[in-house]
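File shown: model17.csv. Contents: CSV, N, CA and C atoms.
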```
chain,number,residue,atom,x,y,z
A,88,MET,N,16.0,-2.8,16.8
A,88,MET,CA,14.6,-2.8,17.0
A,88,MET,C,13.9,-4.1,16.8
A,89,PHE,N,14.4,-4.8,15.8
A,89,PHE,CA,13.8,-6.1,15.5
A,89,PHE,C,14.0,-7.1,16.7
A,90,GLY,N,15.2,-7.0,17.2
A,90,GLY,CA,15.5,-7.9,18.4
A,90,GLY,C,14.7,-7.5,19.6
A,91,ILE,N,14.5,-6.3,19.8
A,91,ILE,CA,13.6,-5.8,21.0
A,91,ILE,C,12.2,-6.3,20.8
A,92,ASN,N,11.7,-6.2,19.6
A,92,ASN,CA,10.3,-6.7,19.3
A,92,ASN,C,10.2,-8.2,19.6
A,93,ARG,N,11.2,-9.0,19.1
A,93,ARG,CA,11.2,-10.4,19.4
A,93,ARG,C,11.3,-10.7,20.9
A,94,ALA,N,12.1,-10.0,21.6
A,94,ALA,CA,12.3,-10.2,23.0
A,94,ALA,C,11.0,-9.9,23.7
A,95,LEU,N,10.3,-8.8,23.3
A,95,LEU,CA,9.0,-8.5,23.9
A,95,LEU,C,8.0,-9.6,23.6
A,96,ILE,N,7.9,-10.1,22.4
A,96,ILE,CA,7.0,-11.1,22.1
A,96,ILE,C,7.3,-12.4,22.8
A,97,ALA,N,8.6,-12.7,23.0
A,97,ALA,CA,9.0,-13.9,23.7
A,97,ALA,C,8.6,-13.8,25.2
A,98,SER,N,8.7,-12.6,25.7
A,98,SER,CA,8.4,-12.3,27.1
A,98,SER,C,6.9,-12.5,27.3
A,99,LEU,N,6.1,-12.0,26.4
A,99,LEU,CA,4.6,-12.2,26.4
A,99,LEU,C,4.2,-13.6,26.4
A,100,ILE,N,4.9,-14.4,25.5
A,100,ILE,CA,4.6,-15.8,25.4
A,100,ILE,C,4.9,-16.5,26.7
A,101,ALA,N,6.0,-16.2,27.3
A,101,ALA,CA,6.4,-16.8,28.5
A,101,ALA,C,5.5,-16.5,29.7
A,102,LEU,N,4.9,-15.3,29.7
A,102,LEU,CA,4.0,-14.9,30.8
A,102,LEU,C,2.6,-15.3,30.5
A,103,PHE,N,2.2,-15.6,29.2
A,103,PHE,CA,0.9,-15.9,28.8
A,103,PHE,C,0.2,-17.0,29.6
A,104,PRO,N,0.9,-18.2,29.8
A,104,PRO,CA,0.3,-19.3,30.5
A,104,PRO,C,0.0,-19.0,32.0
A,105,ALA,N,0.8,-18.1,32.6
A,105,ALA,CA,0.6,-17.8,34.0
A,105,ALA,C,-0.7,-17.0,34.2
A,106,PHE,N,-1.2,-16.3,33.2
A,106,PHE,CA,-2.4,-15.5,33.3
A,106,PHE,C,-3.7,-16.3,32.8
A,107,CYS,N,-3.5,-17.3,32.0
A,107,CYS,CA,-4.6,-17.9,31.3
A,107,CYS,C,-5.1,-19.2,31.9
A,108,MET,N,-4.3,-19.8,32.8
A,108,MET,CA,-4.7,-21.1,33.3
A,108,MET,C,-4.2,-21.2,34.7
A,109,PRO,N,-4.8,-22.1,35.5
A,109,PRO,CA,-4.4,-22.3,36.9
A,109,PRO,C,-3.0,-22.9,36.9
A,110,SER,N,-2.3,-22.8,37.9
A,110,SER,CA,-0.9,-23.3,38.1
A,110,SER,C,-1.0,-24.8,38.3
A,111,TYR,N,-0.2,-25.6,37.6
A,111,TYR,CA,-0.2,-27.0,37.7
A,111,TYR,C,1.3,-27.4,38.0
A,112,ALA,N,1.7,-27.2,39.3
A,112,ALA,CA,3.1,-27.4,39.6
A,112,ALA,C,3.5,-28.9,39.6
A,113,GLU,N,2.6,-29.8,40.0
A,113,GLU,CA,2.9,-31.2,40.1
A,113,GLU,C,2.4,-32.1,39.0
A,114,GLU,N,1.6,-31.6,38.1
A,114,GLU,CA,1.1,-32.4,37.0
A,114,GLU,C,1.1,-31.6,35.7
A,115,ARG,N,1.0,-32.3,34.7
A,115,ARG,CA,1.0,-31.7,33.4
A,115,ARG,C,-0.4,-31.3,33.0
A,116,PHE,N,-0.5,-30.1,32.4
A,116,PHE,CA,-1.8,-29.7,31.9
A,116,PHE,C,-2.2,-30.3,30.6
A,117,THR,N,-3.3,-30.9,30.5
A,117,THR,CA,-3.7,-31.7,29.3
A,117,THR,C,-5.0,-31.1,28.7
A,118,ALA,N,-5.2,-31.6,27.4
A,118,ALA,CA,-6.4,-31.2,26.7
A,118,ALA,C,-7.7,-31.8,27.4
A,119,LYS,N,-7.5,-32.9,28.1
A,119,LYS,CA,-8.6,-33.5,28.8
A,119,LYS,C,-9.1,-32.5,29.9
A,120,GLU,N,-8.1,-32.0,30.7
A,120,GLU,CA,-8.5,-31.0,31.7
A,120,GLU,C,-9.1,-29.7,31.1
A,121,PHE,N,-8.5,-29.3,30.0
A,121,PHE,CA,-8.9,-28.1,29.4
A,121,PHE,C,-10.4,-28.2,29.0
A,122,LEU,N,-10.8,-29.4,28.4
A,122,LEU,CA,-12.1,-29.6,27.9
A,122,LEU,C,-13.1,-29.6,29.1
A,123,GLU,N,-12.7,-29.7,30.3
A,123,GLU,CA,-13.6,-29.7,31.5
A,123,GLU,C,-13.9,-28.3,31.9
A,124,TRP,N,-13.1,-27.3,31.4
A,124,TRP,CA,-13.4,-25.9,31.7
A,124,TRP,C,-14.7,-25.5,31.2
A,125,ASN,N,-15.2,-24.4,31.8
A,125,ASN,CA,-16.5,-23.8,31.2
A,125,ASN,C,-16.2,-23.2,29.9
A,126,GLU,N,-17.3,-23.0,29.1
A,126,GLU,CA,-17.1,-22.5,27.7
A,126,GLU,C,-16.5,-21.1,27.6
A,127,VAL,N,-16.8,-20.2,28.5
A,127,VAL,CA,-16.2,-18.9,28.5
A,127,VAL,C,-14.7,-19.0,28.7
A,128,SER,N,-14.2,-19.7,29.6
A,128,SER,CA,-12.8,-19.9,29.8
A,128,SER,C,-12.1,-20.5,28.6
A,129,ARG,N,-12.7,-21.6,28.1
A,129,ARG,CA,-12.1,-22.2,26.9
A,129,ARG,C,-12.0,-21.3,25.7
A,130,ARG,N,-13.1,-20.5,25.5
A,130,ARG,CA,-13.1,-19.6,24.3
A,130,ARG,C,-12.0,-18.5,24.6
A,131,SER,N,-11.9,-18.0,25.8
A,131,SER,CA,-10.9,-17.0,26.1
A,131,SER,C,-9.5,-17.5,25.8
A,132,TYR,N,-9.2,-18.7,26.3
A,132,TYR,CA,-7.9,-19.4,26.1
A,132,TYR,C,-7.6,-19.5,24.6
A,133,ILE,N,-8.6,-20.0,23.9
A,133,ILE,CA,-8.3,-20.2,22.4
A,133,ILE,C,-8.1,-18.9,21.7
A,134,GLN,N,-9.0,-17.9,22.0
A,134,GLN,CA,-8.8,-16.6,21.4
A,134,GLN,C,-7.5,-16.0,21.7
A,135,SER,N,-7.1,-16.0,23.0
A,135,SER,CA,-5.8,-15.5,23.3
A,135,SER,C,-4.6,-16.2,22.7
A,136,SER,N,-4.7,-17.5,22.6
A,136,SER,CA,-3.7,-18.3,21.9
A,136,SER,C,-3.6,-18.0,20.4
A,137,LEU,N,-4.8,-17.8,19.8
A,137,LEU,CA,-4.8,-17.5,18.4
A,137,LEU,C,-4.2,-16.1,18.1
A,138,MET,N,-4.5,-15.2,19.0
A,138,MET,CA,-4.0,-13.8,18.9
A,138,MET,C,-2.5,-13.8,19.0
A,139,MET,N,-2.0,-14.6,20.0
A,139,MET,CA,-0.5,-14.6,20.2
A,139,MET,C,0.2,-15.3,19.0
A,140,ALA,N,-0.4,-16.4,18.5
A,140,ALA,CA,0.1,-17.1,17.3
A,140,ALA,C,0.1,-16.1,16.1
A,141,ASN,N,-1.0,-15.4,16.0
A,141,ASN,CA,-1.1,-14.5,14.9
A,141,ASN,C,-0.1,-13.3,15.0
A,142,MET,N,0.2,-12.9,16.2
A,142,MET,CA,1.2,-11.8,16.3
A,142,MET,C,2.6,-12.3,15.9
A,143,ILE,N,2.9,-13.6,16.3
A,143,ILE,CA,4.2,-14.2,15.9
A,143,ILE,C,4.2,-14.3,14.4
A,144,ALA,N,3.2,-14.8,13.8
A,144,ALA,CA,3.1,-15.0,12.3
A,144,ALA,C,3.2,-13.6,11.6
A,145,ASN,N,2.6,-12.6,12.1
A,145,ASN,CA,2.6,-11.3,11.5
A,145,ASN,C,4.0,-10.7,11.4
A,146,GLU,N,4.8,-11.0,12.4
A,146,GLU,CA,6.2,-10.6,12.4
A,146,GLU,C,7.1,-11.3,11.5
A,147,ASN,N,6.7,-12.5,11.1
A,147,ASN,CA,7.5,-13.4,10.3
A,147,ASN,C,7.0,-13.8,8.9
A,148,ASP,N,5.7,-13.9,8.8
A,148,ASP,CA,5.1,-14.4,7.5
A,148,ASP,C,3.7,-13.8,7.4
A,149,LYS,N,3.6,-12.7,6.7
A,149,LYS,CA,2.3,-12.0,6.6
A,149,LYS,C,1.2,-12.9,6.0
A,150,GLN,N,1.5,-13.7,5.0
A,150,GLN,CA,0.5,-14.6,4.5
A,150,GLN,C,0.0,-15.6,5.5
A,151,GLN,N,0.8,-16.1,6.3
A,151,GLN,CA,0.4,-17.0,7.4
A,151,GLN,C,-0.5,-16.3,8.4
A,152,SER,N,-0.1,-15.1,8.7
A,152,SER,CA,-0.9,-14.3,9.6
A,152,SER,C,-2.3,-14.0,9.0
A,153,GLN,N,-2.4,-13.7,7.8
A,153,GLN,CA,-3.7,-13.5,7.1
A,153,GLN,C,-4.5,-14.7,7.1
A,154,CYS,N,-3.8,-15.9,6.8
A,154,CYS,CA,-4.5,-17.1,6.8
A,154,CYS,C,-5.2,-17.4,8.2
A,155,ILE,N,-4.4,-17.2,9.2
A,155,ILE,CA,-4.9,-17.5,10.6
A,155,ILE,C,-6.1,-16.6,10.8
A,156,SER,N,-6.0,-15.3,10.5
A,156,SER,CA,-7.1,-14.3,10.7
A,156,SER,C,-8.3,-14.7,9.9
A,157,ASP,N,-8.1,-15.0,8.6
A,157,ASP,CA,-9.3,-15.4,7.8
A,157,ASP,C,-9.9,-16.7,8.2
A,158,TRP,N,-9.1,-17.7,8.6
A,158,TRP,CA,-9.6,-19.0,9.0
A,158,TRP,C,-10.5,-18.9,10.2
A,159,TYR,N,-10.0,-18.1,11.2
A,159,TYR,CA,-10.8,-18.0,12.4
A,159,TYR,C,-12.0,-17.1,12.2
A,160,ALA,N,-11.9,-16.0,11.5
A,160,ALA,CA,-12.9,-15.0,11.4
A,160,ALA,C,-14.1,-15.6,10.5
A,161,GLU,N,-13.8,-16.5,9.7
A,161,GLU,CA,-14.8,-17.1,8.8
A,161,GLU,C,-16.0,-17.8,9.6
A,162,ASP,N,-15.6,-18.4,10.7
A,162,ASP,CA,-16.6,-19.1,11.5
A,162,ASP,C,-16.0,-19.3,12.9
A,163,ARG,N,-16.0,-18.3,13.8
A,163,ARG,CA,-15.4,-18.4,15.1
A,163,ARG,C,-15.8,-19.6,15.9
A,164,ARG,N,-17.1,-19.7,16.1
A,164,ARG,CA,-17.6,-20.8,17.0
A,164,ARG,C,-17.3,-22.1,16.3
A,165,GLY,N,-17.4,-22.2,15.0
A,165,GLY,CA,-17.1,-23.5,14.3
A,165,GLY,C,-15.7,-23.8,14.4
A,166,ARG,N,-14.8,-22.8,14.4
A,166,ARG,CA,-13.4,-23.1,14.5
A,166,ARG,C,-13.0,-23.5,15.9
A,167,GLU,N,-13.7,-22.9,16.9
A,167,GLU,CA,-13.4,-23.3,18.3
A,167,GLU,C,-13.9,-24.7,18.5
A,168,GLN,N,-15.0,-25.1,17.9
A,168,GLN,CA,-15.5,-26.5,18.1
A,168,GLN,C,-14.6,-27.4,17.4
A,169,TYR,N,-14.0,-27.0,16.2
A,169,TYR,CA,-13.1,-27.9,15.5
A,169,TYR,C,-11.8,-28.2,16.4
A,170,ILE,N,-11.4,-27.1,17.1
A,170,ILE,CA,-10.2,-27.3,18.0
A,170,ILE,C,-10.6,-28.2,19.2
A,171,TYR,N,-11.8,-28.0,19.7
A,171,TYR,CA,-12.3,-28.9,20.8
A,171,TYR,C,-12.3,-30.4,20.3
A,172,ASP,N,-12.8,-30.6,19.1
A,172,ASP,CA,-12.9,-31.9,18.5
A,172,ASP,C,-11.5,-32.5,18.4
A,173,VAL,N,-10.5,-31.8,17.9
A,173,VAL,CA,-9.1,-32.3,17.8
A,173,VAL,C,-8.6,-32.6,19.2
A,174,MET,N,-8.8,-31.7,20.2
A,174,MET,CA,-8.4,-31.9,21.5
A,174,MET,C,-9.0,-33.2,22.1
A,175,GLY,N,-10.3,-33.5,21.7
A,175,GLY,CA,-10.9,-34.7,22.2
A,175,GLY,C,-10.3,-36.0,21.7
A,176,LYS,N,-9.5,-35.8,20.6
A,176,LYS,CA,-8.7,-37.0,20.1
A,176,LYS,C,-7.3,-37.0,20.5
A,177,ALA,N,-6.9,-35.9,21.3
A,177,ALA,CA,-5.5,-35.8,21.7
A,177,ALA,C,-5.5,-35.4,23.2
A,178,LEU,N,-6.2,-36.1,24.0
A,178,LEU,CA,-6.5,-35.7,25.4
A,178,LEU,C,-5.2,-35.6,26.3
A,179,ASP,N,-4.2,-36.3,25.9
A,179,ASP,CA,-3.0,-36.3,26.8
A,179,ASP,C,-2.0,-35.2,26.4
A,180,PHE,N,-2.3,-34.4,25.3
A,180,PHE,CA,-1.4,-33.3,24.9
A,180,PHE,C,-1.8,-32.0,25.5
A,181,HIS,N,-0.9,-31.1,25.6
A,181,HIS,CA,-1.1,-29.7,26.1
A,181,HIS,C,-2.0,-29.0,25.1
A,182,PRO,N,-3.0,-28.3,25.6
A,182,PRO,CA,-4.0,-27.6,24.7
A,182,PRO,C,-3.2,-26.6,23.7
A,183,MET,N,-2.2,-25.9,24.2
A,183,MET,CA,-1.5,-25.0,23.3
A,183,MET,C,-0.8,-25.8,22.1
A,184,GLY,N,-0.3,-27.0,22.4
A,184,GLY,CA,0.3,-27.8,21.4
A,184,GLY,C,-0.8,-28.2,20.3
A,185,VAL,N,-2.0,-28.5,20.8
A,185,VAL,CA,-3.0,-28.9,19.9
A,185,VAL,C,-3.4,-27.7,19.0
A,186,ILE,N,-3.6,-26.5,19.6
A,186,ILE,CA,-3.9,-25.3,18.9
A,186,ILE,C,-2.9,-25.0,17.8
A,187,ILE,N,-1.6,-25.0,18.2
A,187,ILE,CA,-0.6,-24.8,17.2
A,187,ILE,C,-0.6,-25.8,16.1
A,188,ALA,N,-0.8,-27.1,16.4
A,188,ALA,CA,-0.9,-28.1,15.4
A,188,ALA,C,-2.0,-27.8,14.4
A,189,VAL,N,-3.2,-27.4,15.0
A,189,VAL,CA,-4.3,-27.1,14.1
A,189,VAL,C,-4.0,-25.9,13.2
A,190,LEU,N,-3.3,-24.9,13.7
A,190,LEU,CA,-3.0,-23.7,12.9
A,190,LEU,C,-1.9,-24.1,11.9
A,191,GLU,N,-1.0,-24.9,12.2
A,191,GLU,CA,0.0,-25.4,11.2
A,191,GLU,C,-0.6,-26.2,10.1
A,192,LYS,N,-1.6,-27.0,10.5
A,192,LYS,CA,-2.3,-27.8,9.4
A,192,LYS,C,-3.0,-26.9,8.5
A,193,LYS,N,-3.7,-25.8,9.0
A,193,LYS,CA,-4.5,-24.9,8.2
A,193,LYS,C,-3.6,-23.9,7.5
A,194,CYS,N,-2.6,-23.4,8.1
A,194,CYS,CA,-1.9,-22.2,7.5
A,194,CYS,C,-0.4,-22.4,7.4
A,195,GLY,N,0.2,-23.5,7.7
A,195,GLY,CA,1.6,-23.7,7.5
A,195,GLY,C,2.4,-23.7,8.8
A,196,PRO,N,3.6,-24.2,8.8
A,196,PRO,CA,4.4,-24.3,10.0
A,196,PRO,C,4.9,-22.9,10.5
A,197,PHE,N,5.1,-22.9,11.8
A,197,PHE,CA,5.7,-21.8,12.5
A,197,PHE,C,7.2,-21.9,12.5
A,198,LYS,N,7.8,-22.1,11.4
A,198,LYS,CA,9.3,-22.2,11.2
A,198,LYS,C,9.7,-21.1,10.3
A,199,TYR,N,10.5,-20.3,10.8
A,199,TYR,CA,10.9,-19.1,10.0
A,199,TYR,C,12.5,-19.0,9.8
A,200,GLN,N,12.9,-18.4,8.8
A,200,GLN,CA,14.3,-18.3,8.5
A,200,GLN,C,14.9,-17.1,9.2
```

Would you give me this structure, written as structure tokens?
Amino acid sequence: MFGINRALIASLIALFPAFCMPSYAEERFTAKEFLEWNEVSRRSYIQSSLMMANMIANENDKQQSQCISDWYAEDRRGREQYIYDVMGKALDFHPMGVIIAVLEKKCGPFKYQ
């Protein structure tokens, strides 16, 4: 059962980008491009990314999962702005990588035994 849950989560992660952003077949998607999106799209992407990261954490480290939930819920718009600010300093990186880096800084690494 545990293996099936992980396979399901991995499948969702693999499909997630296809539904959340335009296809970029010939170029790499960057934070610079992401920051040009409208606010509703950016918020949706961040919220979906945080939910997915929290699902993974919940399966592996309940404390990390709670940290992510608490951190974001404390000030949603402020946390989104914080992520935008970090992206503004890392324009050549993929937005998902920046989001994960922020979460790891706040709540610990996504490395599980």

Who sits within 8 Å of Asn141 (chain A), all atoms listed in the file, same chain under 6 positions skipped, as a count of residues only: 7

Nearby residues, (-5.1, -19.9, 6.0) file frame, 12 Å, only C-alpha atoms, as a PyMOL selection string: chain A and resi 141+144+148-161+189-196

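The nearest approach to Gly184 (chain A) among the residues A:Asn125, A:Ser136, A:Ser131, A:Asn145, with only C-alpha atoms taken into account, belongs to A:Ser136.
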
Distance criterion (all atoms listed in the file): nearest to Ile186 (chain A) out of A:Arg163, A:Met138, A:Ile170, A:Gln200: A:Ile170

Between CA of Val173 (chain A) and CA of Val185 (chain A), distance in Å (one decimal):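 Distance between the two atoms: 7.3 Å.
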
Nearest-residue call for Gln134 (chain A), choices A:Asp162, A:Glu167, A:Asp179, A:Asp172, using all atoms listed in the file: A:Glu167

Straight-line distance linking atom C of Phe116 (chain A) with atom C of Lys198 (chain A), stated in Å to one decimal: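 These atoms are spaced 25.3 Å apart.
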
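Between atom N of Ala177 (chain A) and CA of Glu114 (chain A) there is a distance of 18.0 Å.
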
Residue nearest Ile187 (chain A) among A:Arg115, A:Leu137, A:Arg129, A:Glu123 (counting only C-alpha atoms):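 The shortest atom-to-atom distance to Ile187 (chain A) comes from A:Leu137.
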
Pick from A:Leu178, A:Ala188, A:Met183, A:Ile133 nearest to Ala118 (chain A), counting only C-alpha atoms: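 So, comparing all the options, the nearest one is A:Leu178.
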